[in-house]
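*Asks:* Have a peek at protein00.cif (mmCIF, N, CA and C atoms).
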```cif
data_target
loop_
_atom_site.label_atom_id
_atom_site.label_comp_id
_atom_site.auth_asym_id
_atom_site.auth_seq_id
_atom_site.Cartn_x
_atom_site.Cartn_y
_atom_site.Cartn_z
N MET A 1 89.36 -8.26 5.57
CA MET A 1 89.07 -9.47 4.83
C MET A 1 88.98 -10.65 5.80
N ASP A 2 87.97 -11.45 5.62
CA ASP A 2 87.75 -12.64 6.45
C ASP A 2 88.12 -13.88 5.65
N VAL A 3 88.96 -14.75 6.21
CA VAL A 3 89.41 -15.96 5.51
C VAL A 3 89.21 -17.16 6.43
N LYS A 4 88.67 -18.24 5.86
CA LYS A 4 88.54 -19.48 6.64
C LYS A 4 88.65 -20.68 5.71
N LYS A 5 88.90 -21.84 6.29
CA LYS A 5 88.99 -23.06 5.50
C LYS A 5 87.65 -23.34 4.83
N ALA A 6 87.74 -23.98 3.65
CA ALA A 6 86.54 -24.25 2.85
C ALA A 6 86.45 -25.75 2.56
N PRO A 7 85.88 -26.51 3.49
CA PRO A 7 85.80 -27.96 3.29
C PRO A 7 85.01 -28.37 2.04
N ASP A 8 84.01 -27.58 1.65
CA ASP A 8 83.24 -27.91 0.45
C ASP A 8 84.10 -27.76 -0.80
N ILE A 9 84.93 -26.75 -0.83
CA ILE A 9 85.84 -26.53 -1.96
C ILE A 9 86.94 -27.59 -1.94
N GLN A 10 87.41 -27.92 -0.74
CA GLN A 10 88.42 -28.96 -0.58
C GLN A 10 87.91 -30.28 -1.19
N ALA A 11 86.66 -30.60 -0.93
CA ALA A 11 86.07 -31.83 -1.47
C ALA A 11 85.99 -31.77 -2.99
N MET A 12 85.65 -30.61 -3.54
CA MET A 12 85.59 -30.46 -4.99
C MET A 12 86.98 -30.65 -5.61
N VAL A 13 87.99 -30.03 -5.01
CA VAL A 13 89.35 -30.13 -5.52
C VAL A 13 89.84 -31.57 -5.43
N GLU A 14 89.57 -32.23 -4.32
CA GLU A 14 90.00 -33.62 -4.17
C GLU A 14 89.32 -34.51 -5.22
N ASP A 15 88.05 -34.25 -5.51
CA ASP A 15 87.34 -35.00 -6.54
C ASP A 15 87.99 -34.76 -7.91
N LEU A 16 88.32 -33.53 -8.21
CA LEU A 16 88.97 -33.20 -9.48
C LEU A 16 90.33 -33.90 -9.59
N VAL A 17 91.13 -33.82 -8.53
CA VAL A 17 92.47 -34.41 -8.55
C VAL A 17 92.39 -35.92 -8.72
N VAL A 18 91.52 -36.57 -7.98
CA VAL A 18 91.38 -38.03 -8.05
C VAL A 18 90.84 -38.45 -9.42
N THR A 19 89.81 -37.77 -9.90
CA THR A 19 89.18 -38.13 -11.17
C THR A 19 90.13 -37.89 -12.34
N LEU A 20 90.80 -36.75 -12.35
CA LEU A 20 91.71 -36.44 -13.46
C LEU A 20 92.99 -37.27 -13.40
N ASP A 21 93.28 -37.82 -12.23
CA ASP A 21 94.42 -38.72 -12.06
C ASP A 21 95.72 -38.13 -12.59
N LYS A 22 96.04 -36.96 -12.07
CA LYS A 22 97.32 -36.31 -12.40
C LYS A 22 98.25 -36.58 -11.23
N PRO A 23 99.16 -37.56 -11.38
CA PRO A 23 99.98 -38.02 -10.25
C PRO A 23 100.81 -36.93 -9.57
N TYR A 24 101.14 -35.88 -10.29
CA TYR A 24 101.96 -34.82 -9.70
C TYR A 24 101.18 -33.93 -8.72
N LEU A 25 99.86 -33.97 -8.79
CA LEU A 25 99.05 -33.16 -7.88
C LEU A 25 98.87 -33.91 -6.56
N ASN A 26 99.45 -33.39 -5.52
CA ASN A 26 99.36 -34.01 -4.20
C ASN A 26 98.20 -33.37 -3.44
N GLN A 27 97.07 -34.07 -3.42
CA GLN A 27 95.86 -33.51 -2.81
C GLN A 27 96.04 -33.20 -1.33
N TYR A 28 97.03 -33.81 -0.68
CA TYR A 28 97.25 -33.58 0.75
C TYR A 28 98.06 -32.30 0.99
N ARG A 29 98.56 -31.69 -0.07
CA ARG A 29 99.31 -30.44 0.05
C ARG A 29 98.60 -29.30 -0.69
N LEU A 30 97.32 -29.51 -0.94
CA LEU A 30 96.44 -28.49 -1.50
C LEU A 30 95.44 -28.10 -0.43
N ILE A 31 95.42 -26.85 -0.08
CA ILE A 31 94.51 -26.38 0.98
C ILE A 31 93.56 -25.37 0.35
N CYS A 32 92.29 -25.51 0.66
CA CYS A 32 91.28 -24.61 0.09
C CYS A 32 90.74 -23.67 1.16
N MET A 33 90.68 -22.40 0.79
CA MET A 33 90.21 -21.35 1.69
C MET A 33 89.14 -20.54 0.99
N ARG A 34 88.26 -19.95 1.77
CA ARG A 34 87.23 -19.04 1.26
C ARG A 34 87.45 -17.68 1.91
N SER A 35 87.51 -16.65 1.09
CA SER A 35 87.67 -15.30 1.64
C SER A 35 86.44 -14.46 1.33
N ARG A 36 86.19 -13.54 2.20
CA ARG A 36 85.04 -12.64 2.10
C ARG A 36 85.53 -11.22 2.32
N GLY A 37 84.99 -10.29 1.56
CA GLY A 37 85.37 -8.89 1.75
C GLY A 37 86.52 -8.44 0.87
N ASN A 38 86.77 -9.17 -0.21
CA ASN A 38 87.83 -8.80 -1.15
C ASN A 38 87.33 -7.75 -2.13
N THR A 39 88.26 -6.98 -2.65
CA THR A 39 87.90 -6.04 -3.70
C THR A 39 88.32 -6.56 -5.08
N ALA A 40 89.05 -7.68 -5.10
CA ALA A 40 89.48 -8.28 -6.36
C ALA A 40 88.27 -8.76 -7.16
N ARG A 41 88.42 -8.78 -8.47
CA ARG A 41 87.34 -9.22 -9.35
C ARG A 41 87.45 -10.69 -9.72
N ALA A 42 88.44 -11.38 -9.23
CA ALA A 42 88.67 -12.79 -9.57
C ALA A 42 87.64 -13.69 -8.90
N TYR A 43 87.46 -14.88 -9.47
CA TYR A 43 86.64 -15.91 -8.85
C TYR A 43 87.45 -16.65 -7.81
N ALA A 44 88.73 -16.86 -8.13
CA ALA A 44 89.61 -17.62 -7.26
C ALA A 44 91.05 -17.24 -7.59
N ARG A 45 91.95 -17.62 -6.71
CA ARG A 45 93.38 -17.43 -6.98
C ARG A 45 94.14 -18.51 -6.23
N ILE A 46 95.36 -18.74 -6.69
CA ILE A 46 96.19 -19.77 -6.08
C ILE A 46 97.42 -19.11 -5.47
N TRP A 47 97.80 -19.62 -4.33
CA TRP A 47 98.96 -19.11 -3.60
C TRP A 47 99.95 -20.26 -3.42
N ASN A 48 101.21 -19.92 -3.43
CA ASN A 48 102.24 -20.93 -3.22
C ASN A 48 103.02 -20.64 -1.95
N LEU A 49 103.72 -21.65 -1.47
CA LEU A 49 104.64 -21.47 -0.36
C LEU A 49 106.04 -21.42 -0.98
N PRO A 50 106.62 -20.23 -1.05
CA PRO A 50 107.91 -20.08 -1.73
C PRO A 50 109.00 -20.95 -1.11
N ASP A 51 110.00 -21.24 -1.92
CA ASP A 51 111.11 -22.10 -1.53
C ASP A 51 111.77 -21.65 -0.23
N ILE A 52 111.96 -20.36 -0.06
CA ILE A 52 112.63 -19.86 1.15
C ILE A 52 111.82 -20.19 2.41
N TRP A 53 110.50 -20.11 2.32
CA TRP A 53 109.64 -20.47 3.45
C TRP A 53 109.67 -21.98 3.69
N GLN A 54 109.67 -22.76 2.61
CA GLN A 54 109.75 -24.21 2.76
C GLN A 54 111.02 -24.61 3.53
N LYS A 55 112.13 -23.98 3.15
CA LYS A 55 113.40 -24.30 3.81
C LYS A 55 113.43 -23.79 5.25
N ALA A 56 112.92 -22.61 5.48
CA ALA A 56 112.93 -22.03 6.82
C ALA A 56 112.05 -22.83 7.78
N LEU A 57 110.93 -23.33 7.28
CA LEU A 57 109.99 -24.08 8.11
C LEU A 57 110.22 -25.59 8.05
N ASP A 58 111.16 -26.00 7.20
CA ASP A 58 111.47 -27.42 7.02
C ASP A 58 110.23 -28.21 6.62
N VAL A 59 109.54 -27.70 5.61
CA VAL A 59 108.35 -28.36 5.06
C VAL A 59 108.47 -28.43 3.54
N GLY A 60 107.67 -29.27 2.94
CA GLY A 60 107.63 -29.36 1.49
C GLY A 60 106.69 -28.32 0.90
N PRO A 61 106.49 -28.39 -0.40
CA PRO A 61 105.62 -27.42 -1.07
C PRO A 61 104.14 -27.58 -0.68
N TYR A 62 103.48 -26.47 -0.60
CA TYR A 62 102.03 -26.40 -0.38
C TYR A 62 101.45 -25.38 -1.33
N TYR A 63 100.20 -25.58 -1.67
CA TYR A 63 99.46 -24.60 -2.46
C TYR A 63 98.13 -24.34 -1.78
N ILE A 64 97.69 -23.10 -1.86
CA ILE A 64 96.39 -22.71 -1.31
C ILE A 64 95.54 -22.19 -2.45
N ILE A 65 94.36 -22.77 -2.60
CA ILE A 65 93.39 -22.23 -3.55
C ILE A 65 92.39 -21.43 -2.74
N GLU A 66 92.34 -20.16 -3.03
CA GLU A 66 91.42 -19.23 -2.35
C GLU A 66 90.27 -18.91 -3.29
N VAL A 67 89.05 -19.16 -2.85
CA VAL A 67 87.89 -18.73 -3.62
C VAL A 67 87.34 -17.45 -2.98
N LEU A 68 86.97 -16.52 -3.83
CA LEU A 68 86.45 -15.24 -3.37
C LEU A 68 84.94 -15.33 -3.38
N THR A 69 84.37 -15.42 -2.20
CA THR A 69 82.97 -15.77 -2.04
C THR A 69 82.01 -14.86 -2.80
N GLU A 70 82.34 -13.58 -2.90
CA GLU A 70 81.43 -12.64 -3.58
C GLU A 70 81.21 -13.00 -5.04
N HIS A 71 82.18 -13.62 -5.67
CA HIS A 71 82.07 -13.97 -7.09
C HIS A 71 81.91 -15.48 -7.30
N PHE A 72 82.71 -16.27 -6.62
CA PHE A 72 82.75 -17.71 -6.83
C PHE A 72 81.46 -18.39 -6.41
N ASP A 73 80.94 -18.04 -5.26
CA ASP A 73 79.78 -18.75 -4.70
C ASP A 73 78.52 -18.60 -5.54
N LYS A 74 78.46 -17.59 -6.41
CA LYS A 74 77.29 -17.37 -7.26
C LYS A 74 77.29 -18.27 -8.49
N LEU A 75 78.44 -18.87 -8.79
CA LEU A 75 78.56 -19.69 -10.00
C LEU A 75 77.84 -21.03 -9.85
N PRO A 76 77.33 -21.58 -10.97
CA PRO A 76 76.79 -22.94 -10.92
C PRO A 76 77.94 -23.93 -10.66
N GLU A 77 77.59 -25.10 -10.21
CA GLU A 77 78.58 -26.12 -9.81
C GLU A 77 79.61 -26.42 -10.90
N ASP A 78 79.17 -26.59 -12.15
CA ASP A 78 80.12 -26.92 -13.21
C ASP A 78 81.11 -25.80 -13.46
N LYS A 79 80.65 -24.56 -13.36
CA LYS A 79 81.56 -23.41 -13.55
C LYS A 79 82.56 -23.33 -12.41
N LYS A 80 82.11 -23.64 -11.19
CA LYS A 80 83.03 -23.66 -10.05
C LYS A 80 84.16 -24.64 -10.29
N LYS A 81 83.80 -25.82 -10.77
CA LYS A 81 84.83 -26.85 -11.03
C LYS A 81 85.78 -26.41 -12.13
N GLN A 82 85.28 -25.72 -13.14
CA GLN A 82 86.14 -25.22 -14.20
C GLN A 82 87.11 -24.16 -13.67
N VAL A 83 86.64 -23.31 -12.78
CA VAL A 83 87.52 -22.32 -12.16
C VAL A 83 88.61 -23.03 -11.35
N LEU A 84 88.23 -24.06 -10.62
CA LEU A 84 89.21 -24.81 -9.83
C LEU A 84 90.22 -25.52 -10.72
N ILE A 85 89.78 -26.05 -11.85
CA ILE A 85 90.71 -26.64 -12.81
C ILE A 85 91.70 -25.59 -13.27
N HIS A 86 91.20 -24.40 -13.56
CA HIS A 86 92.08 -23.30 -13.98
C HIS A 86 93.16 -23.05 -12.93
N GLU A 87 92.77 -23.02 -11.67
CA GLU A 87 93.76 -22.78 -10.60
C GLU A 87 94.75 -23.94 -10.51
N LEU A 88 94.29 -25.18 -10.65
CA LEU A 88 95.18 -26.34 -10.60
C LEU A 88 96.20 -26.32 -11.73
N LEU A 89 95.83 -25.74 -12.87
CA LEU A 89 96.75 -25.66 -14.00
C LEU A 89 97.97 -24.79 -13.69
N HIS A 90 97.88 -23.93 -12.70
CA HIS A 90 99.02 -23.08 -12.32
C HIS A 90 100.11 -23.87 -11.60
N ILE A 91 99.80 -25.10 -11.19
CA ILE A 91 100.77 -25.92 -10.45
C ILE A 91 101.64 -26.68 -11.45
N PRO A 92 102.96 -26.50 -11.39
CA PRO A 92 103.83 -27.21 -12.33
C PRO A 92 103.88 -28.71 -12.03
N LYS A 93 104.25 -29.48 -13.03
CA LYS A 93 104.32 -30.94 -12.88
C LYS A 93 105.36 -31.37 -11.85
N THR A 94 106.27 -30.46 -11.50
CA THR A 94 107.28 -30.76 -10.48
C THR A 94 106.72 -30.61 -9.07
N PHE A 95 105.55 -29.97 -8.93
CA PHE A 95 104.94 -29.68 -7.63
C PHE A 95 106.00 -29.11 -6.68
N SER A 96 106.75 -28.13 -7.17
CA SER A 96 107.91 -27.59 -6.46
C SER A 96 107.57 -26.46 -5.49
N GLY A 97 106.38 -25.92 -5.61
CA GLY A 97 106.04 -24.73 -4.83
C GLY A 97 106.00 -23.51 -5.72
N ALA A 98 106.46 -23.65 -6.96
CA ALA A 98 106.40 -22.55 -7.93
C ALA A 98 105.00 -22.48 -8.53
N LEU A 99 104.76 -21.44 -9.31
CA LEU A 99 103.49 -21.29 -10.02
C LEU A 99 103.75 -21.01 -11.49
N LEU A 100 102.93 -21.58 -12.35
CA LEU A 100 103.02 -21.30 -13.79
C LEU A 100 102.17 -20.09 -14.12
N SER A 101 102.69 -19.23 -14.98
CA SER A 101 101.95 -18.05 -15.40
C SER A 101 100.94 -18.43 -16.49
N HIS A 102 100.02 -17.52 -16.77
CA HIS A 102 99.03 -17.79 -17.82
C HIS A 102 99.70 -18.03 -19.17
N GLY A 103 100.77 -17.34 -19.45
CA GLY A 103 101.42 -17.46 -20.75
C GLY A 103 102.63 -18.38 -20.77
N HIS A 104 102.71 -19.30 -19.84
CA HIS A 104 103.87 -20.20 -19.78
C HIS A 104 103.99 -20.94 -21.12
N PRO A 105 105.21 -20.93 -21.71
CA PRO A 105 105.35 -21.49 -23.06
C PRO A 105 105.05 -22.99 -23.18
N SER A 106 105.40 -23.79 -22.19
CA SER A 106 105.18 -25.24 -22.32
C SER A 106 103.89 -25.71 -21.68
N ALA A 107 103.30 -24.90 -20.83
CA ALA A 107 102.05 -25.30 -20.15
C ALA A 107 101.19 -24.07 -19.90
N PRO A 108 100.63 -23.49 -20.97
CA PRO A 108 99.82 -22.29 -20.78
C PRO A 108 98.56 -22.55 -19.94
N VAL A 109 98.25 -21.60 -19.11
CA VAL A 109 97.03 -21.68 -18.29
C VAL A 109 96.00 -20.80 -19.00
N ASN A 110 95.12 -21.45 -19.76
CA ASN A 110 94.15 -20.69 -20.54
C ASN A 110 92.86 -21.50 -20.71
N GLU A 111 91.91 -20.91 -21.44
CA GLU A 111 90.61 -21.55 -21.64
C GLU A 111 90.73 -22.90 -22.33
N LYS A 112 91.63 -22.98 -23.31
CA LYS A 112 91.81 -24.23 -24.06
C LYS A 112 92.27 -25.35 -23.13
N ALA A 113 93.24 -25.05 -22.27
CA ALA A 113 93.74 -26.06 -21.33
C ALA A 113 92.66 -26.48 -20.34
N VAL A 114 91.87 -25.53 -19.88
CA VAL A 114 90.77 -25.84 -18.96
C VAL A 114 89.75 -26.73 -19.68
N LYS A 115 89.44 -26.38 -20.92
CA LYS A 115 88.45 -27.14 -21.68
C LYS A 115 88.88 -28.60 -21.85
N VAL A 116 90.15 -28.82 -22.14
CA VAL A 116 90.67 -30.18 -22.32
C VAL A 116 90.46 -30.99 -21.04
N LEU A 117 90.84 -30.41 -19.90
CA LEU A 117 90.70 -31.13 -18.63
C LEU A 117 89.23 -31.28 -18.22
N TRP A 118 88.41 -30.28 -18.53
CA TRP A 118 86.99 -30.36 -18.19
C TRP A 118 86.32 -31.50 -18.96
N LYS A 119 86.65 -31.61 -20.25
CA LYS A 119 86.10 -32.71 -21.05
C LYS A 119 86.56 -34.06 -20.50
N GLU A 120 87.85 -34.13 -20.15
CA GLU A 120 88.39 -35.36 -19.58
C GLU A 120 87.67 -35.71 -18.28
N TYR A 121 87.44 -34.72 -17.44
CA TYR A 121 86.74 -34.92 -16.17
C TYR A 121 85.33 -35.47 -16.42
N LEU A 122 84.59 -34.82 -17.31
CA LEU A 122 83.22 -35.25 -17.59
C LEU A 122 83.18 -36.67 -18.16
N GLU A 123 84.10 -36.97 -19.06
CA GLU A 123 84.15 -38.32 -19.64
C GLU A 123 84.44 -39.37 -18.57
N LYS A 124 85.37 -39.08 -17.66
CA LYS A 124 85.71 -40.04 -16.61
C LYS A 124 84.56 -40.20 -15.61
N LYS A 125 83.73 -39.18 -15.48
CA LYS A 125 82.56 -39.25 -14.61
C LYS A 125 81.35 -39.85 -15.33
N GLY A 126 81.51 -40.12 -16.63
CA GLY A 126 80.42 -40.70 -17.41
C GLY A 126 79.33 -39.70 -17.75
N LYS A 127 79.68 -38.42 -17.83
CA LYS A 127 78.70 -37.38 -18.15
C LYS A 127 78.92 -36.90 -19.57
N SER A 128 77.86 -36.39 -20.18
CA SER A 128 77.98 -35.88 -21.55
C SER A 128 78.63 -34.50 -21.53
N VAL A 129 79.37 -34.22 -22.58
CA VAL A 129 80.07 -32.94 -22.71
C VAL A 129 79.17 -31.99 -23.48
N PRO A 130 78.80 -30.84 -22.87
CA PRO A 130 77.96 -29.87 -23.59
C PRO A 130 78.73 -29.26 -24.76
N LYS A 131 78.01 -28.93 -25.83
CA LYS A 131 78.67 -28.39 -27.02
C LYS A 131 78.94 -26.89 -26.90
N THR A 132 78.15 -26.16 -26.14
CA THR A 132 78.35 -24.71 -26.00
C THR A 132 78.17 -24.31 -24.54
N GLY A 133 78.55 -23.08 -24.27
CA GLY A 133 78.33 -22.51 -22.95
C GLY A 133 79.35 -22.89 -21.90
N LEU A 134 80.39 -23.61 -22.31
CA LEU A 134 81.34 -24.11 -21.34
C LEU A 134 82.09 -23.00 -20.61
N PHE A 135 82.51 -21.99 -21.34
CA PHE A 135 83.40 -21.00 -20.75
C PHE A 135 82.87 -19.58 -20.86
N SER A 136 81.58 -19.42 -20.79
CA SER A 136 81.01 -18.08 -20.95
C SER A 136 81.52 -17.11 -19.90
N PHE A 137 81.89 -17.59 -18.71
CA PHE A 137 82.39 -16.69 -17.69
C PHE A 137 83.81 -16.26 -17.94
N PHE A 138 84.52 -16.92 -18.88
CA PHE A 138 85.87 -16.49 -19.25
C PHE A 138 85.84 -15.44 -20.35
N GLY A 139 84.66 -15.15 -20.87
CA GLY A 139 84.58 -14.09 -21.88
C GLY A 139 84.14 -14.59 -23.24
N GLY A 140 83.56 -15.75 -23.33
CA GLY A 140 83.05 -16.23 -24.61
C GLY A 140 82.88 -17.72 -24.64
N ASP A 141 81.97 -18.18 -25.47
CA ASP A 141 81.73 -19.61 -25.63
C ASP A 141 82.77 -20.22 -26.55
N GLU A 142 83.10 -21.44 -26.28
CA GLU A 142 83.96 -22.22 -27.16
C GLU A 142 83.25 -23.53 -27.44
N GLU A 143 83.51 -24.11 -28.57
CA GLU A 143 82.94 -25.43 -28.86
C GLU A 143 83.89 -26.51 -28.41
#
```
The structure given in the file should be rewritten as structure tokens.

*Replies:*
Amino acid sequence: MDVKKAPDIQAMVEDLVVTLDKPYLNQYRLICMRSRGNTARAYARIWNLPDIWQKALDVGPYYIIEVLTEHFDKLPEDKKKQVLIHELLHIPKTFSGALLSHGHPSAPVNEKAVKVLWKEYLEKKGKSVPKTGLFSFFGGDEE
């Protein structure tokens, strides 16, 4: 597997973080990487720096968003941003280095949560919100 920094994805994530204005997301501790040669079927995944590593290295929390080039790069721009929003939703409001699961009771990471933030993003950018086709890559359209 080949992995390298992804400045284009970094710029997209920074745009999302700044536009959505979620104060707990520290854009300077989010690193974006692109991997090639994966067998995973995911578009992207998020990695954390566990507490034990933070203490051993005397650093704070960091998160890495890895996009899997074989799947992610084929997506249109709006779908890429929705995938990145999905990954950002895994970061808890404490920005502790932990990750939230898809079924987390107080902050589920799912299509509905992505849709809410995607609409917010589009509204803040002054763009119209499409009525259909938003999440077809997640397995179905939602209004």

*Asks:* Just the number, please: distance in Å from atom N of A:Tyr62 to atom N of A:Leu122, one decimal.

*Replies:*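 Computed distance, atom N of A:Tyr62 to atom N of A:Leu122, equals 26.6 Å.
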
*Asks:* If you apply the PyMOL selection byres (((chain A and resi 96 and name CA) around 9) and name CA) to this file, what residues do you get, as JSON, numbers by chain?

*Replies:* {"A": [50, 51, 60, 61, 62, 91, 92, 93, 94, 95, 97, 98, 99]}

*Asks:* Could you give me, as a ChimeraX atom specification, the residues within 12 Å of stretch 8-23 of chain A, counting only C-alpha atoms and dropping anything in the same chain fewer than 4 positions from it?

*Replies:* /A:4,27-35,44,63-69,72-73,77-89,91-95,114,116-126

*Asks:* Go ahead and save the residues from that selection, with N, CA and C atoms, as a compact mmCIF listing (two decimals), in the coordinates of the input.

*Replies:*
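Saved to selection_5.txt:
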```txt
# COMPACT_ATOMS: atom_id res chain seq x y z
N LYS A 4 88.67 -18.24 5.86
CA LYS A 4 88.54 -19.48 6.64
C LYS A 4 88.65 -20.68 5.71
N GLN A 27 97.07 -34.07 -3.42
CA GLN A 27 95.86 -33.51 -2.81
C GLN A 27 96.04 -33.20 -1.33
N TYR A 28 97.03 -33.81 -0.68
CA TYR A 28 97.25 -33.58 0.75
C TYR A 28 98.06 -32.30 0.99
N ARG A 29 98.56 -31.69 -0.07
CA ARG A 29 99.31 -30.44 0.05
C ARG A 29 98.60 -29.30 -0.69
N LEU A 30 97.32 -29.51 -0.94
CA LEU A 30 96.44 -28.49 -1.50
C LEU A 30 95.44 -28.10 -0.43
N ILE A 31 95.42 -26.85 -0.08
CA ILE A 31 94.51 -26.38 0.98
C ILE A 31 93.56 -25.37 0.35
N CYS A 32 92.29 -25.51 0.66
CA CYS A 32 91.28 -24.61 0.09
C CYS A 32 90.74 -23.67 1.16
N MET A 33 90.68 -22.40 0.79
CA MET A 33 90.21 -21.35 1.69
C MET A 33 89.14 -20.54 0.99
N ARG A 34 88.26 -19.95 1.77
CA ARG A 34 87.23 -19.04 1.26
C ARG A 34 87.45 -17.68 1.91
N SER A 35 87.51 -16.65 1.09
CA SER A 35 87.67 -15.30 1.64
C SER A 35 86.44 -14.46 1.33
N ALA A 44 88.73 -16.86 -8.13
CA ALA A 44 89.61 -17.62 -7.26
C ALA A 44 91.05 -17.24 -7.59
N TYR A 63 100.20 -25.58 -1.67
CA TYR A 63 99.46 -24.60 -2.46
C TYR A 63 98.13 -24.34 -1.78
N ILE A 64 97.69 -23.10 -1.86
CA ILE A 64 96.39 -22.71 -1.31
C ILE A 64 95.54 -22.19 -2.45
N ILE A 65 94.36 -22.77 -2.60
CA ILE A 65 93.39 -22.23 -3.55
C ILE A 65 92.39 -21.43 -2.74
N GLU A 66 92.34 -20.16 -3.03
CA GLU A 66 91.42 -19.23 -2.35
C GLU A 66 90.27 -18.91 -3.29
N VAL A 67 89.05 -19.16 -2.85
CA VAL A 67 87.89 -18.73 -3.62
C VAL A 67 87.34 -17.45 -2.98
N LEU A 68 86.97 -16.52 -3.83
CA LEU A 68 86.45 -15.24 -3.37
C LEU A 68 84.94 -15.33 -3.38
N THR A 69 84.37 -15.42 -2.20
CA THR A 69 82.97 -15.77 -2.04
C THR A 69 82.01 -14.86 -2.80
N PHE A 72 82.71 -16.27 -6.62
CA PHE A 72 82.75 -17.71 -6.83
C PHE A 72 81.46 -18.39 -6.41
N ASP A 73 80.94 -18.04 -5.26
CA ASP A 73 79.78 -18.75 -4.70
C ASP A 73 78.52 -18.60 -5.54
N GLU A 77 77.59 -25.10 -10.21
CA GLU A 77 78.58 -26.12 -9.81
C GLU A 77 79.61 -26.42 -10.90
N ASP A 78 79.17 -26.59 -12.15
CA ASP A 78 80.12 -26.92 -13.21
C ASP A 78 81.11 -25.80 -13.46
N LYS A 79 80.65 -24.56 -13.36
CA LYS A 79 81.56 -23.41 -13.55
C LYS A 79 82.56 -23.33 -12.41
N LYS A 80 82.11 -23.64 -11.19
CA LYS A 80 83.03 -23.66 -10.05
C LYS A 80 84.16 -24.64 -10.29
N LYS A 81 83.80 -25.82 -10.77
CA LYS A 81 84.83 -26.85 -11.03
C LYS A 81 85.78 -26.41 -12.13
N GLN A 82 85.28 -25.72 -13.14
CA GLN A 82 86.14 -25.22 -14.20
C GLN A 82 87.11 -24.16 -13.67
N VAL A 83 86.64 -23.31 -12.78
CA VAL A 83 87.52 -22.32 -12.16
C VAL A 83 88.61 -23.03 -11.35
N LEU A 84 88.23 -24.06 -10.62
CA LEU A 84 89.21 -24.81 -9.83
C LEU A 84 90.22 -25.52 -10.72
N ILE A 85 89.78 -26.05 -11.85
CA ILE A 85 90.71 -26.64 -12.81
C ILE A 85 91.70 -25.59 -13.27
N HIS A 86 91.20 -24.40 -13.56
CA HIS A 86 92.08 -23.30 -13.98
C HIS A 86 93.16 -23.05 -12.93
N GLU A 87 92.77 -23.02 -11.67
CA GLU A 87 93.76 -22.78 -10.60
C GLU A 87 94.75 -23.94 -10.51
N LEU A 88 94.29 -25.18 -10.65
CA LEU A 88 95.18 -26.34 -10.60
C LEU A 88 96.20 -26.32 -11.73
N LEU A 89 95.83 -25.74 -12.87
CA LEU A 89 96.75 -25.66 -14.00
C LEU A 89 97.97 -24.79 -13.69
N ILE A 91 99.80 -25.10 -11.19
CA ILE A 91 100.77 -25.92 -10.45
C ILE A 91 101.64 -26.68 -11.45
N PRO A 92 102.96 -26.50 -11.39
CA PRO A 92 103.83 -27.21 -12.33
C PRO A 92 103.88 -28.71 -12.03
N LYS A 93 104.25 -29.48 -13.03
CA LYS A 93 104.32 -30.94 -12.88
C LYS A 93 105.36 -31.37 -11.85
N THR A 94 106.27 -30.46 -11.50
CA THR A 94 107.28 -30.76 -10.48
C THR A 94 106.72 -30.61 -9.07
N PHE A 95 105.55 -29.97 -8.93
CA PHE A 95 104.94 -29.68 -7.63
C PHE A 95 106.00 -29.11 -6.68
N VAL A 114 91.87 -25.53 -19.88
CA VAL A 114 90.77 -25.84 -18.96
C VAL A 114 89.75 -26.73 -19.68
N VAL A 116 90.15 -28.82 -22.14
CA VAL A 116 90.67 -30.18 -22.32
C VAL A 116 90.46 -30.99 -21.04
N LEU A 117 90.84 -30.41 -19.90
CA LEU A 117 90.70 -31.13 -18.63
C LEU A 117 89.23 -31.28 -18.22
N TRP A 118 88.41 -30.28 -18.53
CA TRP A 118 86.99 -30.36 -18.19
C TRP A 118 86.32 -31.50 -18.96
N LYS A 119 86.65 -31.61 -20.25
CA LYS A 119 86.10 -32.71 -21.05
C LYS A 119 86.56 -34.06 -20.50
N GLU A 120 87.85 -34.13 -20.15
CA GLU A 120 88.39 -35.36 -19.58
C GLU A 120 87.67 -35.71 -18.28
N TYR A 121 87.44 -34.72 -17.44
CA TYR A 121 86.74 -34.92 -16.17
C TYR A 121 85.33 -35.47 -16.42
N LEU A 122 84.59 -34.82 -17.31
CA LEU A 122 83.22 -35.25 -17.59
C LEU A 122 83.18 -36.67 -18.16
N GLU A 123 84.10 -36.97 -19.06
CA GLU A 123 84.15 -38.32 -19.64
C GLU A 123 84.44 -39.37 -18.57
N LYS A 124 85.37 -39.08 -17.66
CA LYS A 124 85.71 -40.04 -16.61
C LYS A 124 84.56 -40.20 -15.61
N LYS A 125 83.73 -39.18 -15.48
CA LYS A 125 82.56 -39.25 -14.61
C LYS A 125 81.35 -39.85 -15.33
N GLY A 126 81.51 -40.12 -16.63
CA GLY A 126 80.42 -40.70 -17.41
C GLY A 126 79.33 -39.70 -17.75
```

*Asks:* Could you state the separation of atom CA of A:Glu70 and atom CA of A:Lys5 in Å, given to one decimal place?

*Replies:*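 Atom-to-atom, atom CA of A:Glu70 to atom CA of A:Lys5, that is 15.8 Å.
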
*Asks:* Tell me, in Å to one decimal, how far atom C of A:Asn26 is from atom CA of A:Asn48.

*Replies:*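 Taking atom C of A:Asn26 and atom CA of A:Asn48, their separation equals 13.1 Å.
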
*Asks:* I need the residues of stretch 23-77 of chain A that end up classed as strand (DSSP E or B) by DSSP on the backbone, written out as a list of chain:residue names.

*Replies:* A:Leu30, A:Ile31, A:Cys32, A:Met33, A:Arg34, A:Ser35, A:Arg36, A:Ala44, A:Arg45, A:Ile46, A:Trp47, A:Asn48, A:Tyr63, A:Ile64, A:Ile65, A:Glu66, A:Val67, A:Leu68

*Asks:* Which one of A:Ser128, A:Asp58, A:Gly37, A:Tyr24 sits closest to A:Val3 if you count all atoms listed in the file?

*Replies:* A:Gly37

*Asks:* Looking at all atoms listed in the file, which of A:His71, A:Lys115, A:Pro108, A:Leu100 is the one that sits closest to A:Tyr43?

*Replies:*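 Counting all atoms listed in the file, the residue closest to A:Tyr43 is A:His71.
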
*Asks:* Could you write out, as JSON, numbers by chain, all the residues of chain A that DSSP marks as helix (DSSP H, G or I)?

*Replies:* {"A": [7, 8, 9, 10, 11, 12, 13, 14, 15, 16, 17, 18, 19, 20, 27, 28, 29, 51, 52, 53, 54, 55, 56, 57, 69, 70, 71, 72, 77, 78, 79, 80, 81, 82, 83, 84, 85, 86, 87, 88, 111, 112, 113, 114, 115, 116, 117, 118, 119, 120, 121, 122, 123, 124, 136, 137, 138]}
